[in-house]
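Chemist: Dropping a structure here in structure tokens format, bear with me for questions.
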Amino acid sequence: MKRAILAFVALLALVTSLSRAEDLRKLALDDVSSISPKIEADTEVKVEGRSSVRITAQWPTTVYLGEIVDLDVENAELIYSAKVKTALDGSAFLEMWAHVGGGQYFSRGTHDHVGGKSEWKTIRTPFLFQQGQKPDKLTLNLVIDGTGTVWVDDIVLSMERLK
């Protein structure tokens with residue numbers, strides 16, 4: 001009986017708190033100019049191919065650029081690289097997530113970054129896989145730590161065997 005009363009009191013407190021919820025602000029999606037980042041193809045500013053990707057960020061963000069599955073890689077260093085150009089108040093770098101046996105591990109290229117107003121520069125981030133370590137999936141991101149525009153082109157995943 002005592003448990004039933006406690007459960008009822010807890011439920012009553014929950015219902016009361018839910019009914020007191022107050023909307024602070026609604027985000028209207030009628031105007032997409034308020035959404036960040038804005039991602040589009042840029043056929044004028046590019047390194048190779050028909051276009052680059054132009055990313056305009058109004059605040060720091062991480063942009064998913066791609067995913068690679070079915071890699072038969074072990075005992076190797078994988079290197080994720082891209083050519084990047086910026087008009088940025090802040091910096092940008094590459095990030096690679098390795099999904100291995102149910103775990104997730106990352107490599108961030110914070111020491112190989114771009115920022116300010118820069119011309120095309122190749123930046124990269126490596127990831128080492130020892131013998132017996134095989135990635136189920138790799139996720140490739142660009143981290144923008146600031147505001148402004150970043151162009152990305154010529155993304156490459158390469159491998160060097162470990163000795």
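Residues in the structure tokens are named by chain (A, B, ... in the order shown) and by number from 1 within that chain; ligands are numbered from 1 in the order shown.
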Select from region 110-162 of chain A every residue with an atom at most 6 Å from any atom of region 87-96 of chain A, then for each give the shortest pair of atoms and their distance in Å to one decimal, using only C-alpha atoms, rows by chain and rising number, as JSON lines.

Modeler:
```
{"residue": "A:Thr110", "atom": "CA", "partner": "A:Phe93", "partner_atom": "CA", "distance": 5.9}
{"residue": "A:His113", "atom": "CA", "partner": "A:Phe93", "partner_atom": "CA", "distance": 4.7}
{"residue": "A:Val114", "atom": "CA", "partner": "A:Ala92", "partner_atom": "CA", "distance": 5.4}
{"residue": "A:Gly115", "atom": "CA", "partner": "A:Ser91", "partner_atom": "CA", "distance": 4.0}
{"residue": "A:Gly116", "atom": "CA", "partner": "A:Leu88", "partner_atom": "CA", "distance": 4.7}
{"residue": "A:Lys117", "atom": "CA", "partner": "A:Ala87", "partner_atom": "CA", "distance": 4.4}
{"residue": "A:Thr139", "atom": "CA", "partner": "A:Met96", "partner_atom": "CA", "distance": 5.7}
{"residue": "A:Leu140", "atom": "CA", "partner": "A:Met96", "partner_atom": "CA", "distance": 4.8}
{"residue": "A:Asn141", "atom": "CA", "partner": "A:Glu95", "partner_atom": "CA", "distance": 5.0}
{"residue": "A:Leu142", "atom": "CA", "partner": "A:Leu94", "partner_atom": "CA", "distance": 4.7}
{"residue": "A:Val143", "atom": "CA", "partner": "A:Phe93", "partner_atom": "CA", "distance": 5.4}
{"residue": "A:Ile144", "atom": "CA", "partner": "A:Ala92", "partner_atom": "CA", "distance": 4.4}
{"residue": "A:Asp145", "atom": "CA", "partner": "A:Ser91", "partner_atom": "CA", "distance": 5.3}
{"residue": "A:Gly146", "atom": "CA", "partner": "A:Gly90", "partner_atom": "CA", "distance": 4.2}
{"residue": "A:Thr147", "atom": "CA", "partner": "A:Asp89", "partner_atom": "CA", "distance": 5.3}
{"residue": "A:Gly148", "atom": "CA", "partner": "A:Leu88", "partner_atom": "CA", "distance": 4.3}
{"residue": "A:Thr149", "atom": "CA", "partner": "A:Ala87", "partner_atom": "CA", "distance": 5.1}
```

Chemist: Could you turn the residues from that selection into a file that holds N, CA and C atoms, as a CSV table (one decimal), in the first residue's frame?

Modeler:
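As written to disk, selection.csv reads:
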```
chain,number,residue,atom,x,y,z
A,110,THR,N,43.9,18.2,-35.4
A,110,THR,CA,44.0,19.5,-34.8
A,110,THR,C,45.4,20.2,-35.0
A,113,HIS,N,45.7,22.1,-39.4
A,113,HIS,CA,44.4,22.7,-39.6
A,113,HIS,C,44.6,24.0,-40.5
A,114,VAL,N,43.5,24.6,-40.9
A,114,VAL,CA,43.5,25.8,-41.6
A,114,VAL,C,42.6,26.8,-40.9
A,115,GLY,N,42.8,28.1,-41.2
A,115,GLY,CA,42.0,29.1,-40.6
A,115,GLY,C,42.2,30.4,-41.3
A,116,GLY,N,41.5,31.4,-40.9
A,116,GLY,CA,41.6,32.8,-41.4
A,116,GLY,C,41.2,32.7,-42.9
A,117,LYS,N,41.9,33.5,-43.7
A,117,LYS,CA,41.7,33.5,-45.1
A,117,LYS,C,42.9,32.8,-45.7
A,139,THR,N,34.1,7.0,-40.5
A,139,THR,CA,33.3,8.2,-40.8
A,139,THR,C,34.2,9.4,-40.9
A,140,LEU,N,34.0,10.1,-42.0
A,140,LEU,CA,34.9,11.2,-42.3
A,140,LEU,C,34.2,12.6,-42.1
A,141,ASN,N,34.7,13.4,-41.3
A,141,ASN,CA,34.1,14.7,-40.9
A,141,ASN,C,35.0,15.9,-41.1
A,142,LEU,N,34.4,17.0,-41.2
A,142,LEU,CA,35.2,18.3,-41.2
A,142,LEU,C,34.7,19.0,-39.9
A,143,VAL,N,35.6,19.4,-39.0
A,143,VAL,CA,35.2,20.2,-37.9
A,143,VAL,C,35.5,21.7,-38.1
A,144,ILE,N,34.5,22.5,-38.0
A,144,ILE,CA,34.7,24.0,-38.1
A,144,ILE,C,34.6,24.6,-36.7
A,145,ASP,N,35.7,25.1,-36.3
A,145,ASP,CA,35.7,25.7,-34.9
A,145,ASP,C,35.7,27.2,-35.1
A,146,GLY,N,34.6,27.8,-35.5
A,146,GLY,CA,34.5,29.2,-35.8
A,146,GLY,C,33.3,29.5,-36.7
A,147,THR,N,33.4,30.6,-37.4
A,147,THR,CA,32.3,31.0,-38.3
A,147,THR,C,32.9,31.5,-39.6
A,148,GLY,N,32.2,31.3,-40.7
A,148,GLY,CA,32.6,31.7,-42.0
A,148,GLY,C,32.4,30.6,-43.0
A,149,THR,N,33.3,30.6,-44.0
A,149,THR,CA,33.1,29.7,-45.2
A,149,THR,C,34.4,28.8,-45.3
```

Chemist: Using DSSP on the backbone coordinates, identify the residues of chain A assigned to alpha helix (DSSP H); present them as a list in words.

Modeler: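 Matching residues, listed in order: Lys2, Arg3, Ala4, Ile5, Leu6, Ala7, Phe8, Val9, Ala10, Leu11, Leu12, Ala13, Leu14, Val15, Thr16, Ser17, Leu18 and Ser19 of chain A.
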
Chemist: Ranking A:His111, A:Arg20, A:Lys121, A:Lys26 by minimum distance to Lys83 (chain A) and counting only C-alpha atoms, which one comes first?

Modeler: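 Counting only C-alpha atoms, the residue closest to Lys83 (chain A) is A:Lys121.
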
Chemist: Can you work out which one of A:Val100, A:Asp112, A:Asp154, A:Ala21 has the shortest atom-to-atom distance to Phe129 (chain A), counting only C-alpha atoms?

Modeler: A:Val100

Chemist: For CA of Val45 (chain A) and CA of Val63 (chain A), determine how far apart the two atoms are, in Å to one decimal place.

Modeler: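 That distance, rounded to one decimal, is 19.1 Å.
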
Chemist: Of the candidates A:Leu162, A:Lys137, A:Thr125, A:Trp151, which shows the shortest atom-to-atom distance to Glu67 (chain A), using only C-alpha atoms?

Modeler: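 Answer, going by the shortest atom-to-atom distance: A:Lys137.
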
Chemist: Just checking: using only C-alpha atoms, which residue out of A:Gln133, A:Thr56, A:Thr61, A:Ser51 ends up closest to His99 (chain A)?

Modeler: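 The shortest atom-to-atom distance to His99 (chain A) comes from A:Gln133.
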
Chemist: So that I can check the secondary structure, give me every residue of chain A assigned strand (DSSP E or B) by backbone DSSP, as a ChimeraX atom specification.

Modeler: /A:38-42,52-57,61-69,76-100,103-108,114-129,137-161

Chemist: Would you put the residues from that selection into a file with C-alpha atoms, as a PDB file, in the first residue's frame?

Modeler:
```pdb
ATOM      1  CA  LYS A  38      24.694  25.899 -45.364  1.00  0.00           C
ATOM      2  CA  ILE A  39      26.203  23.302 -47.686  1.00  0.00           C
ATOM      3  CA  GLU A  40      26.271  23.658 -51.452  1.00  0.00           C
ATOM      4  CA  ALA A  41      28.300  22.776 -54.532  1.00  0.00           C
ATOM      5  CA  ASP A  42      30.586  25.523 -55.817  1.00  0.00           C
ATOM      6  CA  SER A  52      33.960  21.707 -54.530  1.00  0.00           C
ATOM      7  CA  VAL A  53      31.744  21.743 -51.452  1.00  0.00           C
ATOM      8  CA  ARG A  54      31.210  25.186 -49.926  1.00  0.00           C
ATOM      9  CA  ILE A  55      30.202  25.148 -46.264  1.00  0.00           C
ATOM     10  CA  THR A  56      29.059  28.360 -44.598  1.00  0.00           C
ATOM     11  CA  ALA A  57      28.838  28.124 -40.811  1.00  0.00           C
ATOM     12  CA  THR A  61      29.899  22.758 -36.201  1.00  0.00           C
ATOM     13  CA  THR A  62      30.908  19.302 -37.397  1.00  0.00           C
ATOM     14  CA  VAL A  63      30.020  18.373 -40.971  1.00  0.00           C
ATOM     15  CA  TYR A  64      29.674  14.725 -42.007  1.00  0.00           C
ATOM     16  CA  LEU A  65      31.461  14.305 -45.347  1.00  0.00           C
ATOM     17  CA  GLY A  66      31.211  10.574 -45.892  1.00  0.00           C
ATOM     18  CA  GLU A  67      31.412   7.018 -44.704  1.00  0.00           C
ATOM     19  CA  ILE A  68      33.461   4.063 -45.885  1.00  0.00           C
ATOM     20  CA  VAL A  69      32.520   0.461 -45.107  1.00  0.00           C
ATOM     21  CA  ALA A  76      48.296  -0.167 -41.505  1.00  0.00           C
ATOM     22  CA  GLU A  77      48.071   3.583 -41.152  1.00  0.00           C
ATOM     23  CA  LEU A  78      45.030   5.097 -42.831  1.00  0.00           C
ATOM     24  CA  ILE A  79      45.334   8.736 -43.835  1.00  0.00           C
ATOM     25  CA  TYR A  80      42.280  10.887 -44.494  1.00  0.00           C
ATOM     26  CA  SER A  81      43.200  14.003 -46.450  1.00  0.00           C
ATOM     27  CA  ALA A  82      41.392  16.801 -48.237  1.00  0.00           C
ATOM     28  CA  LYS A  83      42.179  20.055 -49.933  1.00  0.00           C
ATOM     29  CA  VAL A  84      40.610  22.907 -47.963  1.00  0.00           C
ATOM     30  CA  LYS A  85      40.322  26.668 -48.534  1.00  0.00           C
ATOM     31  CA  THR A  86      38.926  29.061 -45.919  1.00  0.00           C
ATOM     32  CA  ALA A  87      37.463  32.489 -45.275  1.00  0.00           C
ATOM     33  CA  LEU A  88      36.961  31.760 -41.617  1.00  0.00           C
ATOM     34  CA  ASP A  89      37.001  33.457 -38.254  1.00  0.00           C
ATOM     35  CA  GLY A  90      38.461  30.411 -36.508  1.00  0.00           C
ATOM     36  CA  SER A  91      39.905  27.157 -37.781  1.00  0.00           C
ATOM     37  CA  ALA A  92      38.905  23.899 -39.456  1.00  0.00           C
ATOM     38  CA  PHE A  93      40.369  20.397 -39.318  1.00  0.00           C
ATOM     39  CA  LEU A  94      39.584  16.841 -40.369  1.00  0.00           C
ATOM     40  CA  GLU A  95      38.190  14.173 -38.067  1.00  0.00           C
ATOM     41  CA  MET A  96      38.048  10.420 -38.712  1.00  0.00           C
ATOM     42  CA  TRP A  97      35.939   8.039 -36.609  1.00  0.00           C
ATOM     43  CA  ALA A  98      36.842   4.347 -36.722  1.00  0.00           C
ATOM     44  CA  HIS A  99      34.123   1.895 -35.724  1.00  0.00           C
ATOM     45  CA  VAL A 100      35.916  -1.263 -34.538  1.00  0.00           C
ATOM     46  CA  GLY A 103      33.629   0.623 -30.186  1.00  0.00           C
ATOM     47  CA  GLN A 104      34.192   4.050 -31.694  1.00  0.00           C
ATOM     48  CA  TYR A 105      37.589   5.753 -31.778  1.00  0.00           C
ATOM     49  CA  PHE A 106      38.630   9.015 -33.387  1.00  0.00           C
ATOM     50  CA  SER A 107      41.571  10.845 -34.845  1.00  0.00           C
ATOM     51  CA  ARG A 108      41.455  14.640 -35.097  1.00  0.00           C
ATOM     52  CA  VAL A 114      43.496  25.798 -41.645  1.00  0.00           C
ATOM     53  CA  GLY A 115      41.982  29.098 -40.632  1.00  0.00           C
ATOM     54  CA  GLY A 116      41.593  32.757 -41.421  1.00  0.00           C
ATOM     55  CA  LYS A 117      41.721  33.535 -45.108  1.00  0.00           C
ATOM     56  CA  SER A 118      43.706  30.753 -46.769  1.00  0.00           C
ATOM     57  CA  GLU A 119      44.276  29.400 -50.244  1.00  0.00           C
ATOM     58  CA  TRP A 120      43.951  25.677 -50.985  1.00  0.00           C
ATOM     59  CA  LYS A 121      45.932  23.576 -48.527  1.00  0.00           C
ATOM     60  CA  THR A 122      46.033  19.806 -48.087  1.00  0.00           C
ATOM     61  CA  ILE A 123      45.268  18.829 -44.510  1.00  0.00           C
ATOM     62  CA  ARG A 124      45.137  15.327 -43.070  1.00  0.00           C
ATOM     63  CA  THR A 125      44.587  13.108 -40.091  1.00  0.00           C
ATOM     64  CA  PRO A 126      46.029   9.590 -39.639  1.00  0.00           C
ATOM     65  CA  PHE A 127      44.714   6.521 -37.835  1.00  0.00           C
ATOM     66  CA  LEU A 128      46.835   3.456 -36.929  1.00  0.00           C
ATOM     67  CA  PHE A 129      45.399  -0.044 -37.051  1.00  0.00           C
ATOM     68  CA  LYS A 137      33.313   1.516 -40.814  1.00  0.00           C
ATOM     69  CA  LEU A 138      35.080   4.875 -41.092  1.00  0.00           C
ATOM     70  CA  THR A 139      33.256   8.189 -40.775  1.00  0.00           C
ATOM     71  CA  LEU A 140      34.929  11.241 -42.298  1.00  0.00           C
ATOM     72  CA  ASN A 141      34.078  14.696 -40.912  1.00  0.00           C
ATOM     73  CA  LEU A 142      35.177  18.298 -41.158  1.00  0.00           C
ATOM     74  CA  VAL A 143      35.185  20.199 -37.857  1.00  0.00           C
ATOM     75  CA  ILE A 144      34.688  23.952 -38.129  1.00  0.00           C
ATOM     76  CA  ASP A 145      35.712  25.722 -34.935  1.00  0.00           C
ATOM     77  CA  GLY A 146      34.496  29.199 -35.791  1.00  0.00           C
ATOM     78  CA  THR A 147      32.308  31.015 -38.302  1.00  0.00           C
ATOM     79  CA  GLY A 148      32.637  31.712 -42.001  1.00  0.00           C
ATOM     80  CA  THR A 149      33.143  29.703 -45.177  1.00  0.00           C
ATOM     81  CA  VAL A 150      35.164  26.571 -45.871  1.00  0.00           C
ATOM     82  CA  TRP A 151      35.607  24.917 -49.270  1.00  0.00           C
ATOM     83  CA  VAL A 152      36.478  21.195 -49.401  1.00  0.00           C
ATOM     84  CA  ASP A 153      37.666  19.266 -52.448  1.00  0.00           C
ATOM     85  CA  ASP A 154      39.701  16.214 -53.428  1.00  0.00           C
ATOM     86  CA  ILE A 155      39.008  13.994 -50.393  1.00  0.00           C
ATOM     87  CA  VAL A 156      41.277  10.928 -50.310  1.00  0.00           C
ATOM     88  CA  LEU A 157      41.627   7.960 -47.966  1.00  0.00           C
ATOM     89  CA  SER A 158      45.031   6.317 -48.403  1.00  0.00           C
ATOM     90  CA  MET A 159      46.878   3.516 -46.650  1.00  0.00           C
ATOM     91  CA  GLU A 160      50.473   2.805 -45.660  1.00  0.00           C
ATOM     92  CA  ARG A 161      51.285  -0.697 -44.414  1.00  0.00           C
TER      93      ARG A 161
END
```

Chemist: Would you work out the distance separating CA of Glu74 (chain A) from CA of Gly102 (chain A), expressed in Å to one decimal?

Modeler: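 Taking CA of Glu74 (chain A) and CA of Gly102 (chain A), their separation equals 16.4 Å.
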